[in-house]
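Student: So here's final.cif, just mmCIF, C-alpha atoms:
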```cif
data_model
loop_
_atom_site.label_atom_id
_atom_site.label_comp_id
_atom_site.auth_asym_id
_atom_site.auth_seq_id
_atom_site.Cartn_x
_atom_site.Cartn_y
_atom_site.Cartn_z
CA MET A 12 132.57 -40.90 -4.20
CA THR A 13 129.42 -38.80 -4.39
CA ASN A 14 127.82 -38.04 -1.00
CA ALA A 15 124.20 -37.16 -0.10
CA LEU A 16 124.76 -33.39 0.02
CA ASP A 17 126.10 -33.37 -3.51
CA LEU A 18 123.03 -35.24 -4.69
CA ILE A 19 120.69 -32.70 -2.94
CA ASP A 20 122.55 -29.71 -4.46
CA ALA A 21 122.25 -31.30 -7.87
CA ALA A 22 118.51 -31.86 -7.43
CA ILE A 23 118.02 -28.19 -6.38
CA ALA A 24 119.99 -26.99 -9.39
CA ASP A 25 117.87 -29.11 -11.73
CA LEU A 26 114.66 -27.70 -10.10
CA GLU A 27 115.84 -24.10 -10.40
CA GLY A 28 116.60 -24.74 -14.03
CA ALA A 29 113.15 -26.19 -14.65
CA LEU A 30 111.49 -23.14 -12.99
CA ASN A 31 113.78 -20.62 -14.70
CA LEU A 32 115.04 -19.38 -11.35
CA PRO A 33 118.47 -17.92 -10.79
CA PRO A 34 120.65 -19.95 -8.46
CA GLY A 35 119.51 -19.30 -4.81
CA GLY A 36 116.36 -17.29 -5.91
CA SER A 37 112.92 -17.44 -4.17
CA LEU A 38 109.49 -18.31 -5.55
CA PRO A 39 107.43 -15.36 -6.89
CA THR A 40 104.27 -14.29 -5.00
CA THR A 41 101.12 -15.36 -6.83
CA THR A 42 97.70 -13.79 -6.58
CA THR A 43 94.71 -15.95 -7.15
CA GLN A 44 92.13 -14.41 -9.37
CA LYS A 45 88.41 -14.97 -9.52
CA PRO A 46 86.88 -16.08 -12.85
CA ASP A 47 85.94 -12.44 -13.62
CA GLY A 48 89.57 -11.40 -13.29
CA THR A 49 89.34 -9.62 -9.88
CA PRO A 50 91.87 -10.54 -7.24
CA ALA A 51 90.69 -13.12 -4.77
CA THR A 52 90.55 -12.19 -1.12
CA ASP A 53 93.46 -13.34 0.99
CA THR A 54 91.83 -16.09 3.01
CA THR A 55 94.58 -15.92 5.57
CA THR A 56 93.88 -12.22 6.23
CA LYS A 57 90.15 -12.88 6.21
CA SER A 58 90.61 -15.71 8.63
CA ASN A 59 92.66 -13.47 10.90
CA THR A 60 89.97 -10.76 10.65
CA ASN A 61 87.27 -13.28 11.56
CA THR A 62 89.40 -14.42 14.43
CA ASN A 63 89.78 -10.83 15.64
CA THR A 64 86.04 -10.23 15.22
CA THR A 65 85.29 -13.36 17.22
CA THR A 66 87.76 -12.25 19.88
CA ASN A 67 86.19 -8.78 20.04
CA THR A 68 82.71 -10.29 20.22
CA ASN A 69 83.77 -12.55 23.05
CA THR A 70 85.39 -9.58 24.81
CA ASN A 71 82.20 -7.51 24.44
CA GLU A 72 80.09 -10.39 25.67
CA ASN A 73 82.35 -10.83 28.66
CA ALA A 74 82.14 -7.09 29.37
CA ASN A 75 78.34 -7.19 29.07
CA ASP A 76 78.20 -10.20 31.37
CA ALA A 77 80.35 -8.34 33.87
CA THR A 78 78.06 -5.28 33.66
CA ILE A 79 74.94 -7.41 34.13
CA THR A 80 76.55 -9.19 37.06
CA LYS A 81 77.47 -5.85 38.62
CA LYS A 82 73.95 -4.49 38.19
CA THR A 83 72.49 -7.70 39.54
CA ASN A 84 74.73 -7.45 42.58
CA LYS A 85 73.61 -3.86 43.12
CA LYS A 86 69.95 -4.84 42.97
CA THR A 87 70.38 -7.74 45.34
CA LYS A 88 68.77 -6.63 48.61
CA LYS A 89 70.29 -7.54 51.89
CA PRO A 90 67.96 -9.41 54.22
CA LYS A 91 66.23 -7.03 56.60
CA LYS A 92 67.16 -7.21 60.23
CA PRO A 93 64.27 -8.06 62.53
CA GLN A 94 62.79 -4.88 63.95
CA GLN A 95 63.41 -4.40 67.62
CA GLN A 96 60.57 -3.30 69.84
CA ALA A 97 60.91 0.31 70.88
CA ALA A 98 61.94 0.78 74.48
CA PRO A 99 59.32 2.52 76.64
CA LYS A 100 59.95 6.20 77.17
CA LYS A 101 61.34 7.17 80.50
CA GLY A 102 58.86 8.83 82.75
CA GLY A 103 55.92 7.87 80.50
CA ASN A 104 53.50 6.05 82.81
CA VAL A 105 50.96 3.80 81.15
CA ALA A 106 47.54 4.58 82.60
CA ASN A 107 45.88 1.74 84.50
CA LEU A 108 42.31 2.20 83.33
CA THR A 109 40.87 -0.68 85.36
CA GLN A 110 41.80 0.60 88.82
CA PRO A 111 39.20 2.33 91.00
CA GLU A 112 38.62 5.98 90.08
CA ILE A 113 39.99 7.30 93.38
CA CYS A 114 43.30 5.49 92.75
CA LYS A 115 43.78 7.57 89.60
CA LEU A 116 44.16 10.68 91.78
CA GLU A 117 47.20 11.50 93.88
CA PHE A 118 46.77 12.96 97.37
CA LYS A 119 49.89 14.06 99.26
CA VAL A 120 50.47 15.09 102.85
CA GLY A 121 51.38 18.78 102.90
CA GLN A 122 51.89 21.76 105.20
CA ILE A 123 51.35 25.47 104.57
CA THR A 124 54.62 27.37 105.03
CA LYS A 125 53.49 30.75 103.68
CA VAL A 126 50.12 32.36 103.00
CA TRP A 127 48.94 35.74 101.68
CA ILE A 128 45.81 37.34 100.34
CA HIS A 129 45.31 36.89 96.60
CA PRO A 130 45.79 40.33 95.00
CA ASN A 131 43.12 39.82 92.33
CA ALA A 132 40.31 37.95 94.13
CA ASP A 133 38.23 38.65 97.25
CA LYS A 134 37.76 35.03 98.36
CA LEU A 135 41.15 33.52 97.55
CA TYR A 136 44.31 32.94 99.52
CA CYS A 137 47.65 32.13 97.92
CA GLU A 138 49.64 29.48 99.79
CA GLU A 139 53.05 27.91 99.54
CA ILE A 140 52.69 24.29 100.61
CA GLU A 141 55.54 21.92 101.41
CA CYS A 142 54.79 18.46 99.94
CA GLY A 143 58.18 16.79 100.28
CA GLU A 144 59.10 17.85 96.75
CA GLU A 145 62.02 19.83 95.34
CA LYS A 146 60.27 23.10 96.09
CA PRO A 147 56.95 24.13 97.66
CA ARG A 148 53.82 24.20 95.55
CA GLN A 149 51.92 27.44 95.09
CA ILE A 150 48.18 26.89 95.37
CA SER A 151 45.23 29.29 95.42
CA SER A 152 42.24 28.36 97.62
CA GLY A 153 38.81 29.98 98.16
CA LEU A 154 39.06 29.82 101.95
CA ARG A 155 39.02 33.48 103.02
CA PRO A 156 35.39 33.22 104.22
CA PHE A 157 36.33 30.29 106.50
CA TYR A 158 39.89 30.86 107.80
CA THR A 159 41.92 33.85 108.90
CA LEU A 160 45.51 34.24 107.74
CA GLU A 161 46.68 33.22 111.21
CA GLU A 162 44.57 30.04 111.13
CA MET A 163 45.97 29.12 107.73
CA GLU A 164 49.63 29.37 108.65
CA GLY A 165 51.34 26.07 109.44
CA ARG A 166 48.25 23.94 108.84
CA ARG A 167 48.75 20.31 107.81
CA LEU A 168 46.44 19.14 105.05
CA LEU A 169 46.01 17.00 101.94
CA VAL A 170 46.93 18.28 98.46
CA VAL A 171 45.45 16.87 95.25
CA SER A 172 48.82 16.83 93.49
CA ASN A 173 48.21 15.44 89.99
CA LEU A 174 45.98 18.18 88.62
CA LYS A 175 47.11 20.38 85.75
CA THR A 176 48.43 23.78 86.78
CA LYS A 177 45.76 26.42 86.17
CA LYS A 178 45.60 30.16 86.67
CA LEU A 179 43.11 31.41 89.26
CA ALA A 180 42.56 35.14 88.87
CA GLY A 181 45.83 35.39 86.96
CA ILE A 182 48.08 33.44 89.36
CA PRO A 183 49.10 29.79 88.65
CA SER A 184 47.76 27.19 91.07
CA GLN A 185 49.58 23.86 91.22
CA GLY A 186 46.84 21.64 92.62
CA MET A 187 44.15 22.06 95.27
CA VAL A 188 43.69 21.46 98.98
CA LEU A 189 41.10 18.91 100.11
CA CYS A 190 38.34 20.07 102.45
CA ALA A 191 35.03 18.87 103.90
CA ALA A 192 31.85 20.97 104.00
CA ASN A 193 28.54 20.70 105.81
CA ASP A 194 25.27 20.42 103.94
CA ALA A 195 24.63 24.15 104.16
CA ASN A 196 28.09 24.93 102.74
CA ASP A 197 28.62 27.54 105.45
CA GLN A 198 31.27 25.54 107.26
CA VAL A 199 34.43 24.29 105.52
CA GLU A 200 37.38 22.48 107.12
CA PHE A 201 40.64 20.96 105.95
CA ILE A 202 40.96 17.20 105.72
CA GLU A 203 43.96 16.70 107.98
CA PRO A 204 46.50 13.87 108.17
CA PRO A 205 47.83 12.57 111.49
CA ALA A 206 50.33 14.98 113.04
CA ASP A 207 53.27 12.61 112.55
CA ALA A 208 52.53 11.60 108.94
CA PRO A 209 55.59 12.52 106.81
CA LEU A 210 55.28 15.37 104.34
CA GLY A 211 54.93 14.14 100.78
CA GLU A 212 53.46 10.75 101.74
CA ILE A 213 50.92 9.55 99.18
CA ILE A 214 47.51 8.58 100.54
CA THR A 215 46.26 5.01 100.15
CA PHE A 216 42.76 3.60 100.66
CA THR A 217 41.54 0.74 102.80
CA ASP A 218 40.74 -2.44 100.83
CA LEU A 219 41.90 -0.91 97.53
CA PRO A 220 45.11 -1.52 95.53
CA PRO A 221 47.96 1.00 95.73
CA PRO A 222 47.14 4.06 93.59
CA GLU A 223 48.66 4.44 90.12
CA PRO A 224 47.98 8.16 89.60
CA PHE A 225 47.18 9.50 86.16
CA SER A 226 49.02 12.45 84.66
CA GLY A 227 47.44 15.88 85.00
CA ALA A 228 46.38 15.79 81.34
CA GLN A 229 44.75 12.38 81.79
CA VAL A 230 42.93 13.50 84.94
CA GLU A 231 41.53 16.49 83.08
CA LYS A 232 40.62 14.59 79.91
CA LYS A 233 38.91 11.74 81.76
CA LYS A 234 37.30 14.12 84.31
CA VAL A 235 38.61 11.87 87.07
CA PHE A 236 38.20 14.32 89.94
CA GLN A 237 34.59 15.06 88.97
CA ALA A 238 33.90 11.31 88.85
CA CYS A 239 35.24 10.89 92.40
CA VAL A 240 33.54 13.87 94.06
CA GLU A 241 30.17 12.20 94.60
CA GLY A 242 31.74 9.29 96.48
CA MET A 243 33.99 11.42 98.72
CA ARG A 244 32.45 12.07 102.14
CA THR A 245 33.43 12.07 105.77
CA THR A 246 31.99 9.27 107.90
CA LYS A 247 29.88 9.64 111.03
CA ASP A 248 33.20 9.80 112.89
CA GLY A 249 34.62 12.53 110.64
CA GLU A 250 37.00 10.15 108.79
CA ALA A 251 37.76 10.94 105.15
CA ALA A 252 36.50 8.23 102.78
CA TRP A 253 35.63 7.43 99.18
CA GLU A 254 32.68 5.05 98.87
CA GLY A 255 33.52 3.78 102.36
CA HIS A 256 37.28 3.31 101.72
CA LEU A 257 39.22 5.39 104.25
CA PHE A 258 42.00 7.85 103.32
CA MET A 259 45.08 6.38 105.04
CA THR A 260 48.65 7.37 105.84
CA SER A 261 51.32 5.21 107.44
CA LYS A 262 50.36 6.87 110.74
CA GLY A 263 46.61 6.45 110.51
CA VAL A 264 43.43 7.80 108.95
CA CYS A 265 42.85 11.36 107.72
CA THR A 266 39.97 13.29 109.32
CA SER A 267 37.93 16.47 109.51
CA ARG A 268 37.93 18.10 112.95
CA THR A 269 34.20 18.62 113.30
CA ILE A 270 32.34 17.90 110.06
CA LYS A 271 30.59 14.49 110.05
CA ASN A 272 28.88 12.95 107.00
CA GLY A 273 29.95 15.96 104.97
CA ALA A 274 30.84 16.28 101.30
CA MET A 275 34.54 16.48 100.45
CA ARG A 276 35.86 18.80 97.76
#
```
What is this structure when it is put down as structure tokens?

Tutor:
Amino acid sequence: MTNALDLIDAAIADLEGALNLPPGGSLPTTTTQKPDGTPATDTTTKSNTNTNTTTNTNTNENANDATITKKTNKKTKKPKKPQQQAAPKKGGNVANLTQPEICKLEFKVGQITKVWIHPNADKLYCEEIECGEEKPRQISSGLRPFYTLEEMEGRRLLVVSNLKTKKLAGIPSQGMVLCAANDANDQVEFIEPPADAPLGEIITFTDLPPPEPFSGAQVEKKKVFQACVEGMRTTKDGEAAWEGHLFMTSKGVCTSRTIKNGAMR
């Protein structure tokens, strides 16, 4: 009885015979030609090439997109942090311009601890004055016509302590001492604090706010001392005052020993 495999083998044999193929042979490769006789392009290869081209194009586009994204990220600015207000500098006092002129000066209680004749000037003394500071101040004063060396030693007085250091006849002077003079300018006396006023105490003024002294540079630039001179006089009782406001310490008022209604300088 003939089975299915025998029938298939017979059909293959008939087909091989019709195609002039040897038993078990393969089909020959055929090349399609164009009408002009030139070989036609292998569409499969071309298709693969197109596919590769498309793949490369997509890869390039992806790379370009990545580059653009990277550049965009680089150009993206971070939000700025809010600027913080600068902290005030230490030791930098802000000048109170609205206070009375006399409050822009600083007067300290002091005491002469050493005095000698200025080597380069006939009318000047050089003094070391203790003002409750780290070291004594050296000040030059034109008091030789009015005080002997012995009278100068140990005297308690007021020092204008926020003036710029200046050289007088070649020697630095770190402030000035405050005195009163009569109208003829032939008598000059120290303005003296009470005997028990502490050294270094800063003078205040009756009926005026606490002083906020300017720096030495500000005093010089604004000519503060010159602006105050006209109003500084002793009273009829010899008390030191500026426009009627008394020079005060914690122990009482500052005075001149004998000069009444005299100019202070």

Student: Taking all atoms listed in the file into account, produce a table as a Markdown table in which each residue of region 146-178 of chain A with an atom at most 12 Å from an atom of region 122-126 of chain A appears once, together with its shortest atom pair and the distance in Å to one decimal, ordered by chain and rising number.

Tutor:
```
| residue | atom | partner | partner_atom | distance |
| --- | --- | --- | --- | --- |
| A:Lys146 | CA | A:Thr124 | CA | 11.4 |
| A:Pro147 | CA | A:Thr124 | CA | 8.4 |
| A:Arg148 | CA | A:Ile123 | CA | 9.4 |
| A:Gln149 | CA | A:Lys125 | CA | 9.3 |
| A:Ile150 | CA | A:Val126 | CA | 9.6 |
| A:Ser151 | CA | A:Val126 | CA | 9.5 |
| A:Ser152 | CA | A:Val126 | CA | 10.3 |
| A:Leu154 | CA | A:Val126 | CA | 11.4 |
| A:Arg155 | CA | A:Val126 | CA | 11.2 |
| A:Tyr158 | CA | A:Val126 | CA | 11.4 |
| A:Thr159 | CA | A:Val126 | CA | 10.2 |
| A:Leu160 | CA | A:Val126 | CA | 6.9 |
| A:Glu161 | CA | A:Val126 | CA | 8.9 |
| A:Glu162 | CA | A:Val126 | CA | 10.1 |
| A:Met163 | CA | A:Val126 | CA | 7.1 |
| A:Glu164 | CA | A:Ile123 | CA | 5.9 |
| A:Gly165 | CA | A:Ile123 | CA | 4.9 |
| A:Arg166 | CA | A:Ile123 | CA | 5.5 |
| A:Arg167 | CA | A:Gln122 | CA | 4.3 |
| A:Leu168 | CA | A:Gln122 | CA | 6.0 |
| A:Leu169 | CA | A:Gln122 | CA | 8.2 |
| A:Val170 | CA | A:Gln122 | CA | 9.1 |
```

Student: Please save C-alpha atoms of the selected residues as a short mmCIF file (atom, residue, chain, number, x, y, z; two decimals), in the coordinates of the input.

Tutor:
```cif
data_model
loop_
_atom_site.label_atom_id
_atom_site.label_comp_id
_atom_site.auth_asym_id
_atom_site.auth_seq_id
_atom_site.Cartn_x
_atom_site.Cartn_y
_atom_site.Cartn_z
CA LYS A 146 60.27 23.10 96.09
CA PRO A 147 56.95 24.13 97.66
CA ARG A 148 53.82 24.20 95.55
CA GLN A 149 51.92 27.44 95.09
CA ILE A 150 48.18 26.89 95.37
CA SER A 151 45.23 29.29 95.42
CA SER A 152 42.24 28.36 97.62
CA LEU A 154 39.06 29.82 101.95
CA ARG A 155 39.02 33.48 103.02
CA TYR A 158 39.89 30.86 107.80
CA THR A 159 41.92 33.85 108.90
CA LEU A 160 45.51 34.24 107.74
CA GLU A 161 46.68 33.22 111.21
CA GLU A 162 44.57 30.04 111.13
CA MET A 163 45.97 29.12 107.73
CA GLU A 164 49.63 29.37 108.65
CA GLY A 165 51.34 26.07 109.44
CA ARG A 166 48.25 23.94 108.84
CA ARG A 167 48.75 20.31 107.81
CA LEU A 168 46.44 19.14 105.05
CA LEU A 169 46.01 17.00 101.94
CA VAL A 170 46.93 18.28 98.46
#
```

Student: Give me, please, the distance in Å between CA of Asp218 (chain A) and CA of Leu108 (chain A), quoted to one decimal.

Tutor: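 Separation between CA of Asp218 (chain A) and CA of Leu108 (chain A): 18.2 Å.
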
Student: Which residues fall under the PyMOL selection byres ((chain A and resi 189-204) around 7) in this file, as a short mmCIF file (atom, residue, chain, number, x, y, z; two decimals) with C-alpha atoms, in the frame of the given file?

Tutor:
```cif
data_model
loop_
_atom_site.label_atom_id
_atom_site.label_comp_id
_atom_site.auth_asym_id
_atom_site.auth_seq_id
_atom_site.Cartn_x
_atom_site.Cartn_y
_atom_site.Cartn_z
CA VAL A 120 50.47 15.09 102.85
CA PHE A 157 36.33 30.29 106.50
CA ARG A 167 48.75 20.31 107.81
CA LEU A 168 46.44 19.14 105.05
CA LEU A 169 46.01 17.00 101.94
CA VAL A 170 46.93 18.28 98.46
CA VAL A 171 45.45 16.87 95.25
CA MET A 187 44.15 22.06 95.27
CA VAL A 188 43.69 21.46 98.98
CA PRO A 205 47.83 12.57 111.49
CA ALA A 206 50.33 14.98 113.04
CA ALA A 208 52.53 11.60 108.94
CA VAL A 264 43.43 7.80 108.95
CA CYS A 265 42.85 11.36 107.72
CA THR A 266 39.97 13.29 109.32
CA SER A 267 37.93 16.47 109.51
CA ILE A 270 32.34 17.90 110.06
CA GLY A 273 29.95 15.96 104.97
CA ALA A 274 30.84 16.28 101.30
CA MET A 275 34.54 16.48 100.45
CA ARG A 276 35.86 18.80 97.76
#
```

Student: Is there a way to get, as number ranges by chain, all residues within 12 Å of the point (42.5, 32.5, 93.9) in file coordinates, counting only C-alpha atoms?

Tutor: A: 126-138, 149-155, 177-187

Student: Starting from the point (33.7, 9.7, 115.6), work out which residues of protein, DNA or RNA have an atom no more than 12 Å away when counting only C-alpha atoms; state them as a PyMOL selection string.

Tutor: chain A and resi 245-251+264+266-272

Student: Quick one: distance from CA of Leu210 (chain A) to CA of Lys233 (chain A) in Å, one decimal?

Tutor: 28.1 Å

Student: Applied to the shown file, which residues does the PyMOL selection byres ((chain A and resi 229) around 12) return, written as an MDAnalysis selection string?

Tutor: chainID A and resid 104:108 115:116 173:175 224:228 230:236

Student: Hey, which of A:Ala22, A:Ser172, A:Glu254, A:Gln110 ends up closest to Glu241 (chain A)? Count all atoms listed in the file.

Tutor: A:Glu254

Student: Report, in Å with one decimal, the straight-line distance from CA of Pro222 (chain A) to CA of Val240 (chain A).

Tutor: 16.8 Å

Student: Which polymer residues have any atom within 9 Å of an atom of Glu212 (chain A), counting all atoms listed in the file, with same-chain residues fewer than 2 positions away left out, as an NGL selection string?

Tutor: :A and (118-121 or 142-143 or 208-210 or 214 or 260-261)

Student: Calculated over only C-alpha atoms, which of the candidates A:Glu144, A:Asp25, A:Glu117, A:Asp207 has the smallest distance to Phe258 (chain A)?

Tutor: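 Ranking A:Glu144, A:Asp25, A:Glu117, A:Asp207 by distance to Phe258 (chain A), first place goes to A:Glu117.
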
Student: Given the choices A:Thr109, A:Gly211, A:Cys114, A:Thr176, which gets closest to Glu141 (chain A) if the distance is worked out from only C-alpha atoms?

Tutor: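 Checking each candidate against Glu141 (chain A), we get A:Gly211 as the closest.
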